[in-house]
file target_11.txt (compact mmCIF, N, CA and C atoms and all ligand atoms)
# COMPACT_ATOMS: atom_id res chain seq x y z
N MET A 1 23.03 -24.38 -16.28
CA MET A 1 23.11 -23.17 -15.45
C MET A 1 24.47 -23.13 -14.75
N ASN A 2 25.19 -22.05 -14.89
CA ASN A 2 26.49 -21.98 -14.21
C ASN A 2 26.34 -21.50 -12.77
N ARG A 3 27.45 -21.49 -12.09
CA ARG A 3 27.39 -21.17 -10.67
C ARG A 3 26.94 -19.72 -10.43
N PHE A 4 27.34 -18.84 -11.35
CA PHE A 4 26.99 -17.43 -11.20
C PHE A 4 25.48 -17.22 -11.28
N THR A 5 24.85 -17.86 -12.29
CA THR A 5 23.39 -17.72 -12.44
C THR A 5 22.67 -18.29 -11.22
N THR A 6 23.13 -19.44 -10.76
CA THR A 6 22.50 -20.06 -9.60
C THR A 6 22.59 -19.12 -8.40
N GLY A 7 23.73 -18.51 -8.24
CA GLY A 7 23.93 -17.58 -7.13
C GLY A 7 22.99 -16.40 -7.24
N LEU A 8 22.85 -15.89 -8.45
CA LEU A 8 21.96 -14.74 -8.68
C LEU A 8 20.52 -15.10 -8.34
N LEU A 9 20.09 -16.25 -8.83
CA LEU A 9 18.70 -16.68 -8.59
C LEU A 9 18.46 -16.86 -7.09
N THR A 10 19.43 -17.44 -6.41
CA THR A 10 19.29 -17.65 -4.97
C THR A 10 19.17 -16.30 -4.27
N ALA A 11 20.01 -15.35 -4.68
CA ALA A 11 19.99 -14.02 -4.07
C ALA A 11 18.64 -13.35 -4.31
N ALA A 12 18.13 -13.47 -5.54
CA ALA A 12 16.85 -12.85 -5.89
C ALA A 12 15.72 -13.46 -5.07
N ALA A 13 15.71 -14.78 -4.99
CA ALA A 13 14.66 -15.47 -4.23
C ALA A 13 14.73 -15.06 -2.77
N PHE A 14 15.94 -14.95 -2.26
CA PHE A 14 16.10 -14.55 -0.85
C PHE A 14 15.58 -13.14 -0.64
N ALA A 15 15.92 -12.23 -1.56
CA ALA A 15 15.50 -10.84 -1.41
C ALA A 15 13.98 -10.74 -1.37
N VAL A 16 13.30 -11.50 -2.22
CA VAL A 16 11.84 -11.46 -2.27
C VAL A 16 11.25 -11.98 -0.96
N CYS A 17 11.77 -13.10 -0.48
CA CYS A 17 11.22 -13.69 0.75
C CYS A 17 11.55 -12.87 1.97
N ALA A 18 12.62 -12.07 1.91
CA ALA A 18 13.06 -11.33 3.08
C ALA A 18 12.19 -10.11 3.36
N LEU A 19 11.41 -9.66 2.37
CA LEU A 19 10.59 -8.48 2.59
C LEU A 19 9.44 -8.81 3.54
N PRO A 20 9.34 -8.11 4.64
CA PRO A 20 8.30 -8.45 5.63
C PRO A 20 6.89 -8.20 5.11
N GLY A 21 6.01 -9.12 5.36
CA GLY A 21 4.61 -8.94 5.01
C GLY A 21 4.34 -8.91 3.52
N TRP A 22 5.26 -9.36 2.74
CA TRP A 22 5.12 -9.25 1.29
C TRP A 22 4.85 -10.61 0.70
N SER A 23 3.75 -10.74 -0.03
CA SER A 23 3.45 -12.02 -0.65
C SER A 23 3.20 -11.79 -2.13
N LYS A 24 3.92 -12.50 -2.96
CA LYS A 24 3.88 -12.25 -4.39
C LYS A 24 2.47 -12.37 -4.97
N SER A 25 1.73 -13.37 -4.56
CA SER A 25 0.42 -13.59 -5.15
C SER A 25 -0.55 -12.47 -4.80
N GLN A 26 -0.39 -11.88 -3.61
CA GLN A 26 -1.35 -10.87 -3.19
C GLN A 26 -0.99 -9.47 -3.64
N ALA A 27 0.27 -9.13 -3.64
CA ALA A 27 0.64 -7.75 -3.84
C ALA A 27 1.89 -7.63 -4.72
N PRO A 28 1.72 -7.82 -6.02
CA PRO A 28 2.86 -7.87 -6.91
C PRO A 28 3.77 -6.65 -6.85
N ASN A 29 3.21 -5.44 -6.97
CA ASN A 29 4.09 -4.27 -6.92
C ASN A 29 3.52 -3.20 -6.00
N ALA A 30 2.86 -3.66 -4.95
CA ALA A 30 2.19 -2.73 -4.05
C ALA A 30 3.15 -1.74 -3.41
N GLN A 31 4.32 -2.21 -3.04
CA GLN A 31 5.27 -1.30 -2.39
C GLN A 31 5.64 -0.17 -3.34
N ALA A 32 5.84 -0.49 -4.62
CA ALA A 32 6.20 0.54 -5.60
C ALA A 32 5.04 1.52 -5.82
N ILE A 33 3.83 0.98 -5.88
CA ILE A 33 2.66 1.84 -6.07
C ILE A 33 2.49 2.75 -4.84
N TYR A 34 2.68 2.14 -3.68
CA TYR A 34 2.57 2.91 -2.44
C TYR A 34 3.58 4.08 -2.46
N SER A 35 4.82 3.77 -2.80
CA SER A 35 5.88 4.80 -2.79
C SER A 35 5.53 5.95 -3.72
N LYS A 36 4.93 5.61 -4.85
CA LYS A 36 4.62 6.62 -5.86
C LYS A 36 3.38 7.43 -5.46
N SER A 37 2.32 6.77 -4.98
CA SER A 37 1.04 7.44 -4.83
C SER A 37 0.63 7.78 -3.40
N CYS A 38 1.20 7.14 -2.42
CA CYS A 38 0.70 7.29 -1.05
C CYS A 38 1.74 7.82 -0.08
N ALA A 39 3.02 7.53 -0.35
CA ALA A 39 4.07 7.83 0.62
C ALA A 39 4.17 9.33 0.92
N GLY A 40 3.82 10.16 -0.06
CA GLY A 40 3.89 11.60 0.15
C GLY A 40 3.07 12.05 1.34
N CYS A 41 1.95 11.40 1.58
CA CYS A 41 1.08 11.79 2.70
C CYS A 41 1.15 10.83 3.88
N HIS A 42 1.48 9.57 3.62
CA HIS A 42 1.46 8.59 4.71
C HIS A 42 2.87 8.17 5.15
N GLY A 43 3.90 8.74 4.50
CA GLY A 43 5.28 8.46 4.90
C GLY A 43 5.87 7.28 4.16
N ALA A 44 7.15 7.37 3.82
CA ALA A 44 7.84 6.32 3.07
C ALA A 44 7.78 4.99 3.81
N LYS A 45 7.76 5.05 5.13
CA LYS A 45 7.72 3.81 5.93
C LYS A 45 6.37 3.64 6.60
N LEU A 46 5.34 4.22 6.03
CA LEU A 46 3.96 4.17 6.53
C LEU A 46 3.82 4.83 7.89
N GLN A 47 4.81 5.64 8.25
CA GLN A 47 4.83 6.20 9.61
C GLN A 47 3.88 7.37 9.79
N GLY A 48 3.30 7.85 8.66
CA GLY A 48 2.36 8.96 8.77
C GLY A 48 3.03 10.29 8.53
N ALA A 49 2.26 11.26 7.99
CA ALA A 49 2.73 12.64 7.77
C ALA A 49 1.46 13.50 7.78
N ILE A 50 1.03 13.95 6.60
CA ILE A 50 -0.26 14.66 6.51
C ILE A 50 -1.37 13.66 6.83
N GLY A 51 -1.21 12.46 6.33
CA GLY A 51 -2.16 11.38 6.60
C GLY A 51 -1.73 10.58 7.82
N PRO A 52 -2.63 9.80 8.39
CA PRO A 52 -2.30 9.01 9.58
C PRO A 52 -1.33 7.87 9.25
N PRO A 53 -0.60 7.36 10.26
CA PRO A 53 0.28 6.22 10.02
C PRO A 53 -0.52 5.00 9.58
N LEU A 54 0.09 4.17 8.73
CA LEU A 54 -0.58 2.95 8.25
C LEU A 54 0.20 1.71 8.68
N THR A 55 1.12 1.89 9.62
CA THR A 55 1.99 0.78 10.04
C THR A 55 1.21 -0.42 10.60
N HIS A 56 0.03 -0.17 11.20
CA HIS A 56 -0.76 -1.27 11.78
C HIS A 56 -2.20 -1.23 11.28
N ILE A 57 -2.36 -0.69 10.08
CA ILE A 57 -3.72 -0.48 9.56
C ILE A 57 -4.51 -1.79 9.45
N GLY A 58 -3.79 -2.91 9.16
CA GLY A 58 -4.46 -4.20 9.01
C GLY A 58 -5.08 -4.73 10.30
N LYS A 59 -4.69 -4.14 11.43
CA LYS A 59 -5.26 -4.56 12.71
C LYS A 59 -6.70 -4.10 12.84
N LYS A 60 -7.00 -2.91 12.30
CA LYS A 60 -8.35 -2.38 12.48
C LYS A 60 -9.18 -2.37 11.20
N ARG A 61 -8.54 -2.51 10.04
CA ARG A 61 -9.28 -2.45 8.77
C ARG A 61 -9.01 -3.67 7.91
N SER A 62 -10.06 -4.13 7.22
CA SER A 62 -9.93 -5.26 6.30
C SER A 62 -9.43 -4.77 4.95
N ALA A 63 -9.01 -5.71 4.11
CA ALA A 63 -8.59 -5.36 2.75
C ALA A 63 -9.75 -4.70 2.01
N ALA A 64 -10.97 -5.18 2.22
CA ALA A 64 -12.14 -4.61 1.53
C ALA A 64 -12.38 -3.16 1.95
N TRP A 65 -12.20 -2.89 3.23
CA TRP A 65 -12.38 -1.52 3.72
C TRP A 65 -11.33 -0.60 3.10
N ILE A 66 -10.08 -1.06 3.10
CA ILE A 66 -8.98 -0.24 2.56
C ILE A 66 -9.20 0.00 1.06
N ASP A 67 -9.63 -1.04 0.36
CA ASP A 67 -9.94 -0.95 -1.07
C ASP A 67 -10.94 0.19 -1.30
N GLU A 68 -12.02 0.15 -0.54
CA GLU A 68 -13.08 1.16 -0.66
C GLU A 68 -12.55 2.56 -0.30
N LYS A 69 -11.69 2.60 0.71
CA LYS A 69 -11.11 3.89 1.14
C LYS A 69 -10.28 4.51 0.02
N ILE A 70 -9.51 3.67 -0.69
CA ILE A 70 -8.67 4.19 -1.77
C ILE A 70 -9.53 4.64 -2.95
N GLU A 71 -10.58 3.86 -3.24
CA GLU A 71 -11.47 4.21 -4.35
C GLU A 71 -12.24 5.50 -4.06
N ASN A 72 -12.72 5.61 -2.81
CA ASN A 72 -13.61 6.71 -2.47
C ASN A 72 -13.38 7.19 -1.03
N PRO A 73 -12.29 7.94 -0.83
CA PRO A 73 -11.92 8.37 0.53
C PRO A 73 -12.99 9.20 1.22
N LYS A 74 -13.80 9.90 0.42
CA LYS A 74 -14.82 10.77 1.01
C LYS A 74 -15.97 10.00 1.67
N LYS A 75 -16.07 8.73 1.33
CA LYS A 75 -17.16 7.94 1.89
C LYS A 75 -17.07 7.88 3.42
N THR A 76 -15.87 7.69 3.95
CA THR A 76 -15.73 7.62 5.41
C THR A 76 -15.40 8.98 6.01
N LYS A 77 -14.93 9.91 5.18
CA LYS A 77 -14.58 11.24 5.69
C LYS A 77 -14.81 12.28 4.60
N PRO A 78 -15.99 12.90 4.59
CA PRO A 78 -16.38 13.80 3.50
C PRO A 78 -15.39 14.95 3.25
N ASN A 79 -14.73 15.44 4.28
CA ASN A 79 -13.82 16.58 4.07
C ASN A 79 -12.35 16.16 4.01
N THR A 80 -12.10 14.89 3.66
CA THR A 80 -10.71 14.40 3.67
C THR A 80 -9.83 15.06 2.60
N LEU A 81 -8.54 15.09 2.89
CA LEU A 81 -7.56 15.60 1.93
C LEU A 81 -7.12 14.50 0.97
N MET A 82 -7.49 13.28 1.30
CA MET A 82 -7.01 12.15 0.51
C MET A 82 -7.70 12.07 -0.84
N PRO A 83 -6.92 12.04 -1.94
CA PRO A 83 -7.50 11.95 -3.27
C PRO A 83 -7.96 10.53 -3.61
N PRO A 84 -9.04 10.39 -4.39
CA PRO A 84 -9.50 9.06 -4.78
C PRO A 84 -8.59 8.42 -5.82
N ALA A 85 -8.73 7.11 -6.00
CA ALA A 85 -7.91 6.35 -6.96
C ALA A 85 -7.95 6.96 -8.35
N SER A 86 -9.11 7.48 -8.76
CA SER A 86 -9.24 8.04 -10.11
C SER A 86 -8.29 9.22 -10.29
N VAL A 87 -8.16 10.06 -9.26
CA VAL A 87 -7.26 11.21 -9.33
C VAL A 87 -5.80 10.76 -9.30
N LEU A 88 -5.53 9.71 -8.52
CA LEU A 88 -4.17 9.18 -8.44
C LEU A 88 -3.83 8.30 -9.64
N LYS A 89 -4.83 8.09 -10.50
CA LYS A 89 -4.67 7.27 -11.72
C LYS A 89 -4.25 5.84 -11.38
N LEU A 90 -4.94 5.26 -10.41
CA LEU A 90 -4.68 3.86 -10.06
C LEU A 90 -5.79 3.01 -10.64
N ASN A 91 -5.42 1.92 -11.30
CA ASN A 91 -6.45 1.04 -11.81
C ASN A 91 -6.89 0.05 -10.72
N ASN A 92 -7.91 -0.72 -11.05
CA ASN A 92 -8.50 -1.64 -10.08
C ASN A 92 -7.49 -2.62 -9.49
N GLY A 93 -6.63 -3.15 -10.36
CA GLY A 93 -5.63 -4.11 -9.90
C GLY A 93 -4.65 -3.47 -8.94
N GLU A 94 -4.28 -2.23 -9.22
CA GLU A 94 -3.34 -1.52 -8.34
C GLU A 94 -3.97 -1.24 -6.98
N VAL A 95 -5.25 -0.87 -6.99
CA VAL A 95 -5.96 -0.62 -5.73
C VAL A 95 -6.04 -1.91 -4.92
N LYS A 96 -6.37 -3.00 -5.60
CA LYS A 96 -6.47 -4.31 -4.93
C LYS A 96 -5.13 -4.70 -4.33
N ALA A 97 -4.05 -4.50 -5.08
CA ALA A 97 -2.71 -4.84 -4.60
C ALA A 97 -2.37 -4.02 -3.36
N LEU A 98 -2.69 -2.74 -3.40
CA LEU A 98 -2.42 -1.87 -2.25
C LEU A 98 -3.22 -2.31 -1.02
N ALA A 99 -4.49 -2.63 -1.25
CA ALA A 99 -5.36 -3.03 -0.14
C ALA A 99 -4.85 -4.31 0.51
N ALA A 100 -4.41 -5.27 -0.32
CA ALA A 100 -3.89 -6.53 0.21
C ALA A 100 -2.60 -6.27 1.00
N PHE A 101 -1.73 -5.48 0.40
CA PHE A 101 -0.45 -5.13 1.02
C PHE A 101 -0.67 -4.47 2.39
N LEU A 102 -1.56 -3.48 2.43
CA LEU A 102 -1.78 -2.74 3.68
C LEU A 102 -2.52 -3.57 4.73
N SER A 103 -3.41 -4.46 4.27
CA SER A 103 -4.17 -5.25 5.23
C SER A 103 -3.27 -6.23 5.99
N HIS A 104 -2.05 -6.44 5.47
CA HIS A 104 -1.09 -7.31 6.17
C HIS A 104 -0.20 -6.54 7.13
N LYS A 105 -0.38 -5.24 7.20
CA LYS A 105 0.42 -4.43 8.14
C LYS A 105 -0.28 -4.47 9.49
N LYS A 106 0.20 -5.38 10.34
CA LYS A 106 -0.48 -5.58 11.64
C LYS A 106 0.46 -5.35 12.80
C1 LIG A 201 -2.93 14.21 -0.18
C2 LIG A 201 -2.58 13.30 0.91
C3 LIG A 201 -2.95 11.84 0.83
C4 LIG A 201 -2.64 10.93 -0.15
C5 LIG A 201 -1.89 11.15 -1.46
C6 LIG A 201 -3.13 9.65 0.33
N1 LIG A 201 -3.75 9.79 1.54
FE1 LIG A 201 -4.59 8.30 2.67
N2 LIG A 201 -5.25 9.67 4.00
C7 LIG A 201 -4.93 11.02 3.99
C8 LIG A 201 -5.57 11.68 5.13
C9 LIG A 201 -5.46 13.17 5.48
C10 LIG A 201 -6.26 10.67 5.84
C11 LIG A 201 -7.08 10.85 7.14
C12 LIG A 201 -8.50 11.31 6.86
C13 LIG A 201 -9.33 10.22 6.22
O1 LIG A 201 -9.68 9.23 6.91
O2 LIG A 201 -9.63 10.32 5.03
C14 LIG A 201 -6.04 9.42 5.10
C15 LIG A 201 -6.55 8.19 5.48
C16 LIG A 201 -6.20 6.98 4.91
C17 LIG A 201 -6.61 5.68 5.39
C18 LIG A 201 -7.47 5.41 6.61
C19 LIG A 201 -6.58 5.38 7.83
C20 LIG A 201 -7.30 5.00 9.09
O3 LIG A 201 -6.60 4.88 10.12
O4 LIG A 201 -8.52 4.84 9.10
C21 LIG A 201 -6.05 4.75 4.56
C22 LIG A 201 -6.16 3.24 4.64
C23 LIG A 201 -5.31 5.47 3.56
N3 LIG A 201 -5.41 6.83 3.80
C24 LIG A 201 -4.60 4.88 2.54
C25 LIG A 201 -4.01 5.57 1.49
C26 LIG A 201 -3.40 4.94 0.35
C27 LIG A 201 -3.29 3.45 0.13
C28 LIG A 201 -2.96 5.94 -0.47
C29 LIG A 201 -2.32 5.82 -1.84
C30 LIG A 201 -3.15 5.23 -2.86
C31 LIG A 201 -3.28 7.21 0.17
N4 LIG A 201 -3.90 6.94 1.36
C32 LIG A 201 -2.98 8.45 -0.35
C33 LIG A 201 -4.16 11.68 3.06
C34 LIG A 201 -3.66 11.12 1.89
call {"tool": "encode", "arguments": {"input": "target_11.txt", "output": "structure tokens"}}
result
Amino acid sequence: MNRFTTGLLTAAAFAVCALPGWSKSQAPNAQAIYSKSCAGCHGAKLQGAIGPPLTHIGKKRSAAWIDEKIENPKKTKPNTLMPPASVLKLNNGEVKALAAFLSHKK
């Protein structure tokens, strides 16, 4: 391995570890999924828009609750504007990744 490759790997490892609240095993691409499917209503920085802010959602909701909310938003709020995972075309793994990612926002 030359010095350039070592430098690149170090930079990549640092970038991954530097992301706050991000753990590879729990949420592989949750941020990307969030940006694509949720940010339009909850804000690019989870600050809220049409939907409520999610910046501290992990303080009041568990990963299991959030998982269920994404699968079936009407369960907790029958007249919600939030579309279910099936409409957003999210598979089970993507929903799980999002739930884990958001449950760490405290
Ligand atoms: C069309 C807009 C819209 C989209 C897209 C959307 N949401 Fe929502 N979401 C809402 C609204 C409005 C609420 C508040 C009403 C309710 O509880 O359903 C909400 C509520 C929530 C809550 C509960 C917040 C709380 O404080 O109890 C969570 C968690 C959530 N959304 C996560 C997500 C995630 C994750 C995605 C992406 C998969 C997403 N939402 C996509 C509009 C949206």
call {"tool": "residues_near_ligand", "arguments": {"input": "target_11.txt", "ligand": "ligand LIG 201 (chain A)", "cutoff": "8 Å", "atoms": "only C-alpha atoms and all ligand atoms", "output": "mmCIF file with N, CA and C atoms, in the frame of the given file"}}
result
data_model
loop_
_atom_site.group_PDB
_atom_site.id
_atom_site.type_symbol
_atom_site.label_atom_id
_atom_site.label_comp_id
_atom_site.auth_asym_id
_atom_site.auth_seq_id
_atom_site.Cartn_x
_atom_site.Cartn_y
_atom_site.Cartn_z
ATOM 1 N N ILE A 33 3.830 0.980 -5.880
ATOM 2 C CA ILE A 33 2.660 1.840 -6.070
ATOM 3 C C ILE A 33 2.490 2.750 -4.840
ATOM 4 N N TYR A 34 2.680 2.140 -3.680
ATOM 5 C CA TYR A 34 2.570 2.910 -2.440
ATOM 6 C C TYR A 34 3.580 4.080 -2.460
ATOM 7 N N SER A 37 2.320 6.770 -4.980
ATOM 8 C CA SER A 37 1.040 7.440 -4.830
ATOM 9 C C SER A 37 0.630 7.780 -3.400
ATOM 10 N N CYS A 38 1.200 7.140 -2.420
ATOM 11 C CA CYS A 38 0.700 7.290 -1.050
ATOM 12 C C CYS A 38 1.740 7.820 -0.080
ATOM 13 N N ALA A 39 3.020 7.530 -0.350
ATOM 14 C CA ALA A 39 4.070 7.830 0.620
ATOM 15 C C ALA A 39 4.170 9.330 0.920
ATOM 16 N N GLY A 40 3.820 10.160 -0.060
ATOM 17 C CA GLY A 40 3.890 11.600 0.150
ATOM 18 C C GLY A 40 3.070 12.050 1.340
ATOM 19 N N CYS A 41 1.950 11.400 1.580
ATOM 20 C CA CYS A 41 1.080 11.790 2.700
ATOM 21 C C CYS A 41 1.150 10.830 3.880
ATOM 22 N N HIS A 42 1.480 9.570 3.620
ATOM 23 C CA HIS A 42 1.460 8.590 4.710
ATOM 24 C C HIS A 42 2.870 8.170 5.150
ATOM 25 N N ILE A 50 1.030 13.950 6.600
ATOM 26 C CA ILE A 50 -0.260 14.660 6.510
ATOM 27 C C ILE A 50 -1.370 13.660 6.830
ATOM 28 N N GLY A 51 -1.210 12.460 6.330
ATOM 29 C CA GLY A 51 -2.160 11.380 6.600
ATOM 30 C C GLY A 51 -1.730 10.580 7.820
ATOM 31 N N PRO A 52 -2.630 9.800 8.390
ATOM 32 C CA PRO A 52 -2.300 9.010 9.580
ATOM 33 C C PRO A 52 -1.330 7.870 9.250
ATOM 34 N N PRO A 53 -0.600 7.360 10.260
ATOM 35 C CA PRO A 53 0.280 6.220 10.020
ATOM 36 C C PRO A 53 -0.520 5.000 9.580
ATOM 37 N N LEU A 54 0.090 4.170 8.730
ATOM 38 C CA LEU A 54 -0.580 2.950 8.250
ATOM 39 C C LEU A 54 0.200 1.710 8.680
ATOM 40 N N ILE A 57 -2.360 -0.690 10.080
ATOM 41 C CA ILE A 57 -3.720 -0.480 9.560
ATOM 42 C C ILE A 57 -4.510 -1.790 9.450
ATOM 43 N N LYS A 60 -7.000 -2.910 12.300
ATOM 44 C CA LYS A 60 -8.350 -2.380 12.480
ATOM 45 C C LYS A 60 -9.180 -2.370 11.200
ATOM 46 N N ARG A 61 -8.540 -2.510 10.040
ATOM 47 C CA ARG A 61 -9.280 -2.450 8.770
ATOM 48 C C ARG A 61 -9.010 -3.670 7.910
ATOM 49 N N TRP A 65 -12.200 -2.890 3.230
ATOM 50 C CA TRP A 65 -12.380 -1.520 3.720
ATOM 51 C C TRP A 65 -11.330 -0.600 3.100
ATOM 52 N N ILE A 66 -10.080 -1.060 3.100
ATOM 53 C CA ILE A 66 -8.980 -0.240 2.560
ATOM 54 C C ILE A 66 -9.200 0.000 1.060
ATOM 55 N N LYS A 69 -11.690 2.600 0.710
ATOM 56 C CA LYS A 69 -11.110 3.890 1.140
ATOM 57 C C LYS A 69 -10.280 4.510 0.020
ATOM 58 N N ILE A 70 -9.510 3.670 -0.690
ATOM 59 C CA ILE A 70 -8.670 4.190 -1.770
ATOM 60 C C ILE A 70 -9.530 4.640 -2.950
ATOM 61 N N PRO A 73 -12.290 7.940 -0.830
ATOM 62 C CA PRO A 73 -11.920 8.370 0.530
ATOM 63 C C PRO A 73 -12.990 9.200 1.220
ATOM 64 N N LYS A 74 -13.800 9.900 0.420
ATOM 65 C CA LYS A 74 -14.820 10.770 1.010
ATOM 66 C C LYS A 74 -15.970 10.000 1.670
ATOM 67 N N THR A 76 -15.870 7.690 3.950
ATOM 68 C CA THR A 76 -15.730 7.620 5.410
ATOM 69 C C THR A 76 -15.400 8.980 6.010
ATOM 70 N N LYS A 77 -14.930 9.910 5.180
ATOM 71 C CA LYS A 77 -14.580 11.240 5.690
ATOM 72 C C LYS A 77 -14.810 12.280 4.600
ATOM 73 N N PRO A 78 -15.990 12.900 4.590
ATOM 74 C CA PRO A 78 -16.380 13.800 3.500
ATOM 75 C C PRO A 78 -15.390 14.950 3.250
ATOM 76 N N ASN A 79 -14.730 15.440 4.280
ATOM 77 C CA ASN A 79 -13.820 16.580 4.070
ATOM 78 C C ASN A 79 -12.350 16.160 4.010
ATOM 79 N N THR A 80 -12.100 14.890 3.660
ATOM 80 C CA THR A 80 -10.710 14.400 3.670
ATOM 81 C C THR A 80 -9.830 15.060 2.600
ATOM 82 N N LEU A 81 -8.540 15.090 2.890
ATOM 83 C CA LEU A 81 -7.560 15.600 1.930
ATOM 84 C C LEU A 81 -7.120 14.500 0.970
ATOM 85 N N MET A 82 -7.490 13.280 1.300
ATOM 86 C CA MET A 82 -7.010 12.150 0.510
ATOM 87 C C MET A 82 -7.700 12.070 -0.840
ATOM 88 N N PRO A 83 -6.920 12.040 -1.940
ATOM 89 C CA PRO A 83 -7.500 11.950 -3.270
ATOM 90 C C PRO A 83 -7.960 10.530 -3.610
ATOM 91 N N PRO A 84 -9.040 10.390 -4.390
ATOM 92 C CA PRO A 84 -9.500 9.060 -4.780
ATOM 93 C C PRO A 84 -8.590 8.420 -5.820
ATOM 94 N N ALA A 85 -8.730 7.110 -6.000
ATOM 95 C CA ALA A 85 -7.910 6.350 -6.960
ATOM 96 C C ALA A 85 -7.950 6.960 -8.350
ATOM 97 N N LEU A 88 -5.530 9.710 -8.520
ATOM 98 C CA LEU A 88 -4.170 9.180 -8.440
ATOM 99 C C LEU A 88 -3.830 8.300 -9.640
ATOM 100 N N LEU A 90 -4.940 5.260 -10.410
ATOM 101 C CA LEU A 90 -4.680 3.860 -10.060
ATOM 102 C C LEU A 90 -5.790 3.010 -10.640
ATOM 103 N N VAL A 95 -5.250 -0.870 -6.990
ATOM 104 C CA VAL A 95 -5.960 -0.620 -5.730
ATOM 105 C C VAL A 95 -6.040 -1.910 -4.920
ATOM 106 N N LEU A 98 -2.690 -2.740 -3.400
ATOM 107 C CA LEU A 98 -2.420 -1.870 -2.250
ATOM 108 C C LEU A 98 -3.220 -2.310 -1.020
ATOM 109 N N ALA A 99 -4.490 -2.630 -1.250
ATOM 110 C CA ALA A 99 -5.360 -3.030 -0.140
ATOM 111 C C ALA A 99 -4.850 -4.310 0.510
ATOM 112 N N LEU A 102 -1.560 -3.480 2.430
ATOM 113 C CA LEU A 102 -1.780 -2.740 3.680
ATOM 114 C C LEU A 102 -2.520 -3.570 4.730
#
call {"tool": "closest_residue", "arguments": {"input": "target_11.txt", "among": "A:Ala44, A:Lys106, A:Ala100, A:Ala32", "to": "Ser62 (chain A)", "atoms": "all atoms listed in the file"}}
result
A:Ala100
call {"tool": "closest_residue", "arguments": {"input": "target_11.txt", "among": "A:Gly43, A:Lys36, A:Glu71, A:Thr55", "to": "Asn91 (chain A)", "atoms": "only C-alpha atoms"}}
result
A:Glu71
call {"tool": "closest_residue", "arguments": {"input": "target_11.txt", "among": "A:Asn92, A:Ala49, A:Ser86, A:Ala30", "to": "Asn72 (chain A)", "atoms": "all atoms listed in the file"}}
result
A:Ser86
call {"tool": "atom_distance", "arguments": {"input": "target_11.txt", "atom1": "atom N of Gly93 (chain A)", "atom2": "atom N of Gly48 (chain A)"}}
result
24.1 Å
call {"tool": "atom_distance", "arguments": {"input": "target_11.txt", "atom1": "CA of Glu94 (chain A)", "atom2": "CA of Gln31 (chain A)"}}
result
10.5 Å
call {"tool": "select_by_dssp", "arguments": {"input": "target_11.txt", "residues": "region 33-80 of chain A", "states": "helix (DSSP H, G or I)", "output": "PyMOL selection string"}}
result
chain A and resi 33-37+39-42+57-60+63-71+73-75
call {"tool": "atom_distance", "arguments": {"input": "target_11.txt", "atom1": "atom N of Glu68 (chain A)", "atom2": "atom N of Ala97 (chain A)"}}
result
10.3 Å
